[in-house]
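Structure data (CSV, C-alpha atoms) from coords19.csv:
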chain,number,residue,atom,x,y,z
T,1,LEU,CA,79.1,82.9,130.7
T,2,CYS,CA,80.7,79.7,129.4
T,3,GLY,CA,79.0,80.0,126.0
T,4,LEU,CA,80.4,83.6,125.3
T,5,PRO,CA,83.7,84.4,123.7
T,6,ALA,CA,86.4,84.7,126.3
T,7,GLU,CA,86.8,88.5,126.3
T,8,MET,CA,83.1,89.1,126.1
T,9,ALA,CA,82.6,86.8,129.1
T,10,GLN,CA,85.1,88.7,131.1
T,11,THR,CA,83.4,92.1,130.2
T,12,VAL,CA,80.0,90.7,131.2
T,13,ARG,CA,81.5,89.3,134.5
T,14,MET,CA,83.0,92.6,135.5
T,15,THR,CA,79.9,94.6,134.4
T,16,LEU,CA,77.7,92.4,136.6
T,17,LEU,CA,80.1,92.6,139.5
T,18,GLY,CA,80.1,96.4,139.2
T,19,ALA,CA,76.3,96.5,139.0
T,20,THR,CA,76.0,94.3,142.1
T,21,GLY,CA,78.3,96.6,144.0
T,22,LYS,CA,76.2,99.7,143.2
T,23,ILE,CA,72.9,98.4,144.4
T,24,PRO,CA,71.9,98.8,148.1
T,25,CYS,CA,73.6,96.1,150.2
T,26,GLY,CA,75.3,94.8,147.1
T,27,LYS,CA,78.8,94.6,148.5
T,28,TRP,CA,77.4,93.1,151.7
T,29,PHE,CA,75.8,90.4,149.6
T,30,LEU,CA,79.1,89.7,147.8
T,31,LYS,CA,80.9,89.5,151.1
T,32,ARG,CA,78.2,87.2,152.6
T,33,CYS,CA,78.2,84.8,149.7
T,34,TYR,CA,81.8,84.7,148.6
T,35,ALA,CA,84.2,85.9,151.2
T,36,PRO,CA,85.8,83.3,153.6
T,37,LYS,CA,86.0,83.9,157.3
T,38,ARG,CA,89.4,85.4,158.1
T,39,GLU,CA,90.4,83.4,161.1
T,40,GLY,CA,93.7,81.7,160.6
T,41,LEU,CA,94.2,82.9,157.0
T,42,GLU,CA,96.2,86.1,157.7
T,43,ARG,CA,99.9,86.3,157.0
T,44,GLU,CA,102.7,88.8,156.8
T,45,VAL,CA,104.6,88.9,153.5
T,46,PHE,CA,107.4,91.4,152.7
T,47,GLY,CA,106.3,93.4,155.8
T,48,ILE,CA,102.7,93.8,154.6
T,49,HIS,CA,99.7,92.3,156.4
T,50,PHE,CA,97.4,90.2,154.1
T,51,ARG,CA,94.0,89.1,155.4
T,52,ASN,CA,94.6,86.0,153.3
T,53,PRO,CA,97.2,84.9,150.8
T,54,ILE,CA,94.9,84.6,147.7
T,55,GLY,CA,94.6,87.6,145.4
T,56,ILE,CA,93.6,88.7,142.0
T,57,GLY,CA,96.4,88.8,139.4
T,58,SER,CA,97.2,91.5,136.9
T,59,GLY,CA,95.0,91.6,133.8
T,60,PHE,CA,91.8,90.7,135.6
T,61,ASP,CA,90.9,94.2,136.8
T,62,ALA,CA,93.6,95.9,134.8
T,63,ASN,CA,92.3,99.5,135.3
T,64,GLY,CA,91.3,99.1,139.0
T,65,ASP,CA,87.6,99.6,138.3
T,66,ARG,CA,86.3,96.9,140.6
T,67,LEU,CA,88.5,97.3,143.7
T,68,ASN,CA,85.6,97.7,146.1
T,69,GLU,CA,83.8,94.7,144.8
T,70,LEU,CA,86.9,92.4,144.7
T,71,SER,CA,87.7,93.4,148.2
T,72,ALA,CA,84.1,92.6,149.3
T,73,LEU,CA,84.6,89.2,147.7
T,74,GLY,CA,87.3,88.6,150.3
T,75,PHE,CA,90.5,88.5,148.2
T,76,GLY,CA,93.7,89.3,150.1
T,77,PHE,CA,95.1,91.5,147.5
T,78,VAL,CA,94.4,92.9,144.0
T,79,GLU,CA,97.2,93.4,141.4
T,80,ILE,CA,96.2,96.1,139.0
T,81,GLY,CA,97.7,96.5,135.6
T,82,SER,CA,99.8,96.1,133.7
T,83,VAL,CA,99.9,99.9,134.2
T,84,VAL,CA,101.5,101.9,131.4
T,85,PRO,CA,102.1,105.6,131.2
T,86,ARG,CA,99.4,106.4,128.7
T,87,PRO,CA,96.3,104.7,127.3
T,88,GLN,CA,96.8,101.9,124.7
T,89,PRO,CA,94.0,100.0,122.9
T,90,GLY,CA,95.7,96.6,122.7
T,91,THR,CA,95.6,94.4,119.6
T,92,PRO,CA,92.4,94.1,117.5
T,93,ARG,CA,89.7,91.7,118.6
T,94,PRO,CA,89.4,88.7,118.9
T,95,ARG,CA,92.5,88.6,121.1
T,96,LEU,CA,91.7,86.2,123.9
T,97,LYS,CA,91.1,82.6,122.8
T,98,ARG,CA,89.6,80.0,125.2
T,99,LEU,CA,90.8,76.4,124.8
T,100,ARG,CA,87.8,74.7,126.4
T,101,LYS,CA,89.1,71.1,126.6
T,102,GLU,CA,92.4,72.3,128.1
T,103,ARG,CA,90.7,74.8,130.5
T,104,SER,CA,93.2,77.4,129.2
T,105,TYR,CA,93.4,80.6,127.4
T,106,VAL,CA,95.7,82.2,124.8
T,107,ASP,CA,96.2,85.9,125.4
T,108,ASN,CA,97.2,88.1,122.5
T,109,SER,CA,95.7,91.3,123.9
T,110,GLY,CA,98.7,93.6,124.0
T,111,TYR,CA,97.8,94.9,127.4
T,112,PRO,CA,94.8,97.2,126.6
T,113,SER,CA,94.9,99.9,129.3
T,114,ARG,CA,93.2,103.2,130.0
T,115,GLY,CA,96.6,104.5,131.2
T,116,MET,CA,98.2,105.6,134.4
T,117,GLU,CA,96.2,108.7,135.1
T,118,TYR,CA,92.9,106.9,134.9
T,119,ILE,CA,94.2,104.0,137.1
T,120,LEU,CA,95.7,106.5,139.6
T,121,ASN,CA,92.3,108.2,140.0
T,122,ASN,CA,90.8,104.8,140.9
T,123,VAL,CA,93.4,103.8,143.5
T,124,ARG,CA,93.2,107.1,145.2
T,125,LYS,CA,89.6,106.4,146.1
T,126,ARG,CA,90.0,104.3,149.2
T,127,THR,CA,86.7,103.4,150.8
T,128,PRO,CA,85.8,101.3,153.9
T,129,TYR,CA,85.8,98.3,151.7
T,130,THR,CA,89.3,98.8,150.4
T,131,ALA,CA,90.8,100.2,153.6
T,132,ASP,CA,92.5,96.9,154.4
T,133,LEU,CA,92.8,95.7,150.8
T,134,VAL,CA,96.4,95.3,149.7
T,135,ILE,CA,96.9,96.8,146.2
T,136,GLY,CA,99.8,95.8,144.0
T,137,CYS,CA,100.8,97.7,140.8
T,138,ASN,CA,102.0,95.6,137.9
T,139,ILE,CA,104.1,97.9,135.6
T,140,GLY,CA,104.4,97.0,131.9
T,141,LYS,CA,105.8,98.5,128.8
T,142,LEU,CA,103.9,100.4,126.1
T,143,THR,CA,103.6,98.1,123.2
T,144,ALA,CA,104.3,100.8,120.6
T,145,SER,CA,107.3,102.4,122.3
T,146,HIS,CA,111.0,101.7,121.6
T,147,VAL,CA,112.9,99.4,123.9
T,148,GLU,CA,115.2,102.3,124.7
T,149,ASN,CA,112.3,104.2,126.4
T,150,SER,CA,111.4,101.3,128.7
T,151,THR,CA,113.4,102.4,131.7
T,152,LYS,CA,111.8,105.9,131.6
T,153,GLU,CA,108.3,104.4,131.2
T,154,TYR,CA,108.7,102.0,134.2
T,155,LEU,CA,110.2,104.8,136.4
T,156,ARG,CA,107.4,107.2,135.5
T,157,VAL,CA,104.7,104.8,136.5
T,158,PHE,CA,106.6,103.8,139.6
T,159,ARG,CA,107.1,107.4,140.8
T,160,ASN,CA,103.5,108.4,140.2
T,161,MET,CA,101.9,105.3,141.7
T,162,TYR,CA,104.3,105.0,144.7
T,163,GLN,CA,102.2,106.7,147.4
T,164,TYR,CA,98.9,104.9,146.4
T,165,VAL,CA,99.7,101.2,146.2
T,166,ASP,CA,101.3,98.7,148.6
T,167,PHE,CA,103.8,96.9,146.4
T,168,PHE,CA,105.0,96.8,142.8
T,169,VAL,CA,105.5,94.0,140.3
T,170,ILE,CA,107.8,94.8,137.5
T,171,ASN,CA,106.6,92.8,134.5
T,172,ILE,CA,109.6,91.5,132.5
T,173,ALA,CA,107.4,89.1,130.5
T,174,CYS,CA,105.4,91.5,128.3
T,175,ASN,CA,104.5,88.8,125.8
T,176,THR,CA,100.8,89.2,124.8
T,177,ALA,CA,101.4,91.2,121.6
T,178,ALA,CA,103.4,90.7,118.4
T,179,LYS,CA,105.9,93.3,119.7
T,180,ARG,CA,107.2,91.5,122.8
T,181,PHE,CA,109.4,92.7,125.6
T,182,ILE,CA,111.1,90.0,127.6
T,183,PRO,CA,114.4,91.2,129.1
T,184,ARG,CA,116.6,88.1,129.8
T,185,THR,CA,120.1,89.3,130.5
T,186,ARG,CA,121.4,90.7,133.8
T,187,GLU,CA,122.2,94.1,132.1
T,188,GLU,CA,118.7,94.5,130.6
T,189,ILE,CA,116.9,93.7,133.9
T,190,LEU,CA,119.2,95.9,136.1
T,191,ALA,CA,118.7,98.8,133.7
T,192,LEU,CA,114.9,98.6,134.5
T,193,ILE,CA,115.0,98.1,138.3
T,194,GLU,CA,118.0,100.1,139.5
T,195,PRO,CA,116.4,103.5,138.9
T,196,LEU,CA,113.4,102.2,140.9
T,197,PHE,CA,115.7,101.3,143.8
T,198,GLU,CA,117.3,104.7,143.7
T,199,PHE,CA,113.9,106.5,143.8
T,200,ARG,CA,112.7,104.3,146.7
T,201,ARG,CA,115.8,105.2,148.8
T,202,GLY,CA,114.6,108.8,148.9
T,203,GLN,CA,111.1,108.0,150.1
T,204,LEU,CA,109.8,107.8,153.7
T,205,ASP,CA,107.6,104.8,152.9
T,206,TYR,CA,109.0,101.5,151.7
T,207,ARG,CA,107.2,99.7,148.8
T,208,PRO,CA,108.4,96.2,148.0
T,209,ILE,CA,109.5,95.5,144.4
T,210,LEU,CA,109.1,92.1,142.7
T,211,LEU,CA,109.9,90.8,139.2
T,212,LYS,CA,107.2,89.0,137.2
T,213,ILE,CA,109.0,86.4,135.0
T,214,SER,CA,108.3,84.3,132.0
T,215,PRO,CA,107.9,80.5,132.3
T,216,ASP,CA,109.9,80.2,129.1
T,217,LEU,CA,113.2,81.2,130.7
T,218,THR,CA,116.0,78.7,130.4
T,219,LYS,CA,117.6,77.4,133.6
T,220,GLU,CA,120.5,79.8,133.0
T,221,GLU,CA,118.2,82.8,132.6
T,222,LEU,CA,116.2,81.8,135.6
T,223,ASP,CA,119.5,81.6,137.6
T,224,THR,CA,120.3,85.1,136.4
T,225,VAL,CA,117.0,86.4,137.9
T,226,ILE,CA,117.6,84.5,141.1
T,227,ASP,CA,121.1,86.0,141.4
T,228,ILE,CA,119.6,89.5,140.9
T,229,LEU,CA,117.1,88.7,143.7
T,230,ILE,CA,119.8,87.7,146.1
T,231,GLU,CA,122.3,90.5,145.2
T,232,THR,CA,120.1,93.5,144.9
T,233,PRO,CA,117.3,95.2,147.1
T,234,LEU,CA,114.7,93.3,145.1
T,235,ASP,CA,112.0,91.9,147.5
T,236,GLY,CA,110.7,88.9,145.6
T,237,ILE,CA,109.5,87.2,142.4
T,238,GLU,CA,106.1,86.6,140.8
T,239,ALA,CA,106.2,83.3,138.9
T,240,VAL,CA,104.9,83.1,136.2
T,241,ALA,CA,103.4,85.0,133.3
T,242,GLY,CA,101.8,83.3,130.3
T,243,SER,CA,103.9,81.0,128.1
T,244,LEU,CA,104.7,81.4,124.4
T,245,ASP,CA,106.2,78.0,124.2
T,246,LEU,CA,103.3,75.9,125.4
T,247,MET,CA,101.0,76.6,122.4
T,248,PRO,CA,103.3,77.9,119.6
T,249,GLU,CA,100.7,77.3,117.0
T,250,TYR,CA,98.6,80.2,118.4
T,251,LYS,CA,99.6,83.9,118.6
T,252,GLY,CA,99.8,84.9,122.2
T,253,ALA,CA,100.7,83.6,125.7
T,254,ALA,CA,99.1,80.5,127.1
T,255,THR,CA,97.6,80.6,130.6
T,256,GLY,CA,95.3,78.4,132.6
T,257,ALA,CA,95.6,74.6,133.3
T,258,LEU,CA,98.2,74.1,130.6
T,259,LEU,CA,100.5,76.3,132.6
T,260,THR,CA,99.9,74.8,136.1
T,261,GLN,CA,102.8,72.3,136.2
T,262,ARG,CA,105.4,74.7,134.8
T,263,ALA,CA,104.3,77.4,137.3
T,264,ILE,CA,104.7,75.0,140.2
T,265,GLU,CA,108.2,73.9,138.8
T,266,VAL,CA,109.4,77.4,138.6
T,267,VAL,CA,108.1,78.4,142.0
T,268,ARG,CA,109.7,75.3,143.6
T,269,TYR,CA,113.1,75.9,141.8
T,270,ILE,CA,113.2,79.6,143.0
T,271,ALA,CA,112.2,78.6,146.6
T,272,GLU,CA,114.8,75.8,146.8
T,273,ARG,CA,117.6,77.9,145.3
T,274,THR,CA,117.0,80.8,147.7
T,275,GLU,CA,116.4,78.4,150.7
T,276,HIS,CA,112.8,79.8,151.0
T,277,ASN,CA,114.3,83.2,152.1
T,278,TYR,CA,112.4,85.4,149.6
T,279,PRO,CA,108.7,85.9,149.0
T,280,ILE,CA,107.2,84.4,145.9
T,281,ILE,CA,103.8,85.1,144.4
T,282,GLY,CA,102.6,82.0,142.5
T,283,SER,CA,100.6,82.9,139.4
T,284,GLY,CA,99.6,81.1,136.2
T,285,GLY,CA,97.5,78.0,136.0
T,286,ALA,CA,95.8,77.9,139.4
T,287,ILE,CA,92.2,77.0,138.6
T,288,SER,CA,91.3,74.8,141.6
T,289,PRO,CA,91.9,74.7,145.3
T,290,GLU,CA,94.3,71.8,144.7
T,291,ASP,CA,96.3,74.0,142.3
T,292,ILE,CA,96.5,76.8,144.9
T,293,ASP,CA,97.8,74.3,147.5
T,294,ALA,CA,100.3,72.9,145.1
T,295,LEU,CA,101.8,76.4,144.4
T,296,MET,CA,102.0,77.1,148.2
T,297,GLU,CA,103.6,73.7,148.9
T,298,ALA,CA,106.1,74.5,146.2
T,299,GLY,CA,107.1,77.7,148.1
T,300,ALA,CA,104.7,80.4,147.1
T,301,SER,CA,103.9,82.9,149.9
T,302,LEU,CA,100.9,84.3,148.0
T,303,VAL,CA,98.9,83.1,145.0
T,304,ALA,CA,97.4,85.4,142.3
T,305,LEU,CA,94.4,84.2,140.4
T,306,ASN,CA,93.2,85.2,136.9
T,307,SER,CA,92.3,82.2,134.7
T,308,GLY,CA,91.2,80.4,137.8
T,309,ILE,CA,88.4,82.9,138.4
T,310,ARG,CA,87.4,82.8,134.7
T,311,GLU,CA,87.2,79.0,134.8
T,312,SER,CA,86.0,78.3,138.4
T,313,GLY,CA,84.2,81.6,139.4
T,314,PHE,CA,84.5,83.8,142.4
T,315,ARG,CA,83.8,80.9,144.8
T,316,LEU,CA,87.3,79.5,144.2
T,317,LEU,CA,88.6,81.6,147.1
T,318,LYS,CA,86.0,80.3,149.5
T,319,LYS,CA,86.4,76.7,148.4
T,320,TRP,CA,90.1,76.9,149.0
T,321,ALA,CA,89.6,78.5,152.5
T,322,GLU,CA,87.1,75.7,153.4
T,323,ARG,CA,89.6,73.1,152.3
T,324,VAL,CA,92.4,74.7,154.4
T,325,LYS,CA,90.2,74.6,157.5
T,326,LYS,CA,89.3,70.9,157.3

Would you mind giving the structure from this file in structure tokens?
Amino acid sequence: LCGLPAEMAQTVRMTLLGATGKIPCGKWFLKRCYAPKREGLEREVFGIHFRNPIGIGSGFDANGDRLNELSALGFGFVEIGSVVPRPQPGTPRPRLKRLRKERSYVDNSGYPSRGMEYILNNVRKRTPYTADLVIGCNIGKLTASHVENSTKEYLRVFRNMYQYVDFFVINIACNTAAKRFIPRTREEILALIEPLFEFRRGQLDYRPILLKISPDLTKEELDTVIDILIETPLDGIEAVAGSLDLMPEYKGAATGALLTQRAIEVVRYIAERTEHNYPIIGSGGAISPEDIDALMEAGASLVALNSGIRESGFRLLKKWAERVKK
């Protein structure tokens, strides 16, 4: 798939994955070839049991179409989304550029999505393959809507998805379109998450809530996020989304190897400032087993892959597991 344009390659990859899952013994084949053995890889994070700490990040299976197959591949969790209240097409193609020498991508997609109702229909369909798969829901903002509507949009998705997923990631780094949404002040962030806390208080089941943050935050802005983590019922942070600053000559957010070092730095800073008392999902830039280890050594409890699978394939999880067991 390396010779294809980046977005086409991903479409082909997911189509082949779905076709494999539909043939007799297809999911068994995926499990046999790609899934690591589970001994010693399990862990508990924010009260949830993960069969291993390596999962699929948002944007890879945005609409939740391949949950069965990704579970058969052995991933510990899948983060769907960004989920938005209604369908949106994203920006015109081409919108995902591959930087081959840098093993990186520039994403200007604008979060194309089939919308909450479609995704909800997919996550309701638990099967024996997804029975123990942890599913996270990344909530984003509709690109075309006004900022004033953001709180209502996030709350609407949160309320409707609440009973069907295991944790939530509130994306405050919606930066893959010309009309960006990156709340940076305490007031802006609290306006988004406080209604979610209020709704959760009235539920019988507890769903952890995390913030997904931009790597381009200043130290002061990052400190603001950490203070919110410590002072509110927030459960953790996902660090980081794509970067607008790394490749300013391109339209969109840079991900992949260009982002690796910054992601590690942010994870380490959050972990040290919180004395390793809060879960962190490390994302952005992990394209090798060594990168995964570096994020976890910096303080990540879990690692979410996206560009890493596009660059290194589905065997990346198994290669990491084999490295851990040596």

Report as number ranges by chain all protein, DNA and RNA residues lying within 8 Å of Val84 (chain T), evaluated on all atoms listed in the file, omitting residues in the same chain fewer than 6 positions from it.
T: 113, 115-116, 139-142, 153-154, 157

Considering all atoms listed in the file, state which residue in the set T:Arg207, T:Tyr278, T:Pro195, T:Gly18 is at the smallest distance from Ile230 (chain T).
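Once distances to Ile230 (chain T) are computed over all atoms listed in the file, the minimum belongs to T:Tyr278.
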
At a cut-off of 6 Å, using only C-alpha atoms, what residues contact region 44-61 of chain T? Leave out same-chain residues fewer than 6 positions from it and give the result as an mmCIF file with C-alpha atoms, in the coordinates of the input.
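part09.cif, written as the output of this step:
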data_model
loop_
_atom_site.group_PDB
_atom_site.id
_atom_site.type_symbol
_atom_site.label_atom_id
_atom_site.label_comp_id
_atom_site.auth_asym_id
_atom_site.auth_seq_id
_atom_site.Cartn_x
_atom_site.Cartn_y
_atom_site.Cartn_z
ATOM 1 C CA PHE T 75 90.500 88.500 148.200
ATOM 2 C CA GLY T 76 93.700 89.300 150.100
ATOM 3 C CA PHE T 77 95.100 91.500 147.500
ATOM 4 C CA VAL T 78 94.400 92.900 144.000
ATOM 5 C CA GLU T 79 97.200 93.400 141.400
ATOM 6 C CA ILE T 80 96.200 96.100 139.000
ATOM 7 C CA GLY T 81 97.700 96.500 135.600
ATOM 8 C CA LEU T 302 100.900 84.300 148.000
ATOM 9 C CA VAL T 303 98.900 83.100 145.000
ATOM 10 C CA ALA T 304 97.400 85.400 142.300
ATOM 11 C CA LEU T 305 94.400 84.200 140.400
ATOM 12 C CA ASN T 306 93.200 85.200 136.900
#

All file atoms of region 6-13 of chain T boxed axis-aligned, 6 Å per side, centre plus edges, as lines of an AutoDock Vina configuration file:
center_x = 83.4
center_y = 88.4
center_z = 130.3
size_x = 18.8
size_y = 19.4
size_z = 20.4

Which region 162-203 of chain T residues have any atom within 10 Å of an atom of region 233-245 of chain T, and for each, what is the nearest pair of atoms with distance in Å to one decimal, counting all atoms listed in the file, rows sorted by chain and number, as CSV?
residue,atom,partner,partner_atom,distance
T:Phe167,CA,T:Asp235,CA,9.7
T:Phe168,CA,T:Asp235,CA,9.8
T:Val169,CA,T:Glu238,CA,7.4
T:Ile170,CA,T:Glu238,CA,9.0
T:Asn171,CA,T:Ala241,CA,8.5
T:Ile172,CA,T:Ala241,CA,9.0
T:Ala173,CA,T:Ala241,CA,6.4
T:Cys174,CA,T:Ala241,CA,8.4
T:Asn175,CA,T:Leu244,CA,7.5
T:Thr176,CA,T:Gly242,CA,8.1
T:Ile193,CA,T:Leu234,CA,8.3
T:Glu194,CA,T:Pro233,CA,9.1
T:Leu196,CA,T:Leu234,CA,9.9
T:Phe197,CA,T:Pro233,CA,7.1

With C-alpha atoms retained, export the selected residues as an mmCIF file, keeping the file's coordinate frame.
data_model
loop_
_atom_site.group_PDB
_atom_site.id
_atom_site.type_symbol
_atom_site.label_atom_id
_atom_site.label_comp_id
_atom_site.auth_asym_id
_atom_site.auth_seq_id
_atom_site.Cartn_x
_atom_site.Cartn_y
_atom_site.Cartn_z
ATOM 1 C CA PHE T 167 103.800 96.900 146.400
ATOM 2 C CA PHE T 168 105.000 96.800 142.800
ATOM 3 C CA VAL T 169 105.500 94.000 140.300
ATOM 4 C CA ILE T 170 107.800 94.800 137.500
ATOM 5 C CA ASN T 171 106.600 92.800 134.500
ATOM 6 C CA ILE T 172 109.600 91.500 132.500
ATOM 7 C CA ALA T 173 107.400 89.100 130.500
ATOM 8 C CA CYS T 174 105.400 91.500 128.300
ATOM 9 C CA ASN T 175 104.500 88.800 125.800
ATOM 10 C CA THR T 176 100.800 89.200 124.800
ATOM 11 C CA ILE T 193 115.000 98.100 138.300
ATOM 12 C CA GLU T 194 118.000 100.100 139.500
ATOM 13 C CA LEU T 196 113.400 102.200 140.900
ATOM 14 C CA PHE T 197 115.700 101.300 143.800
#
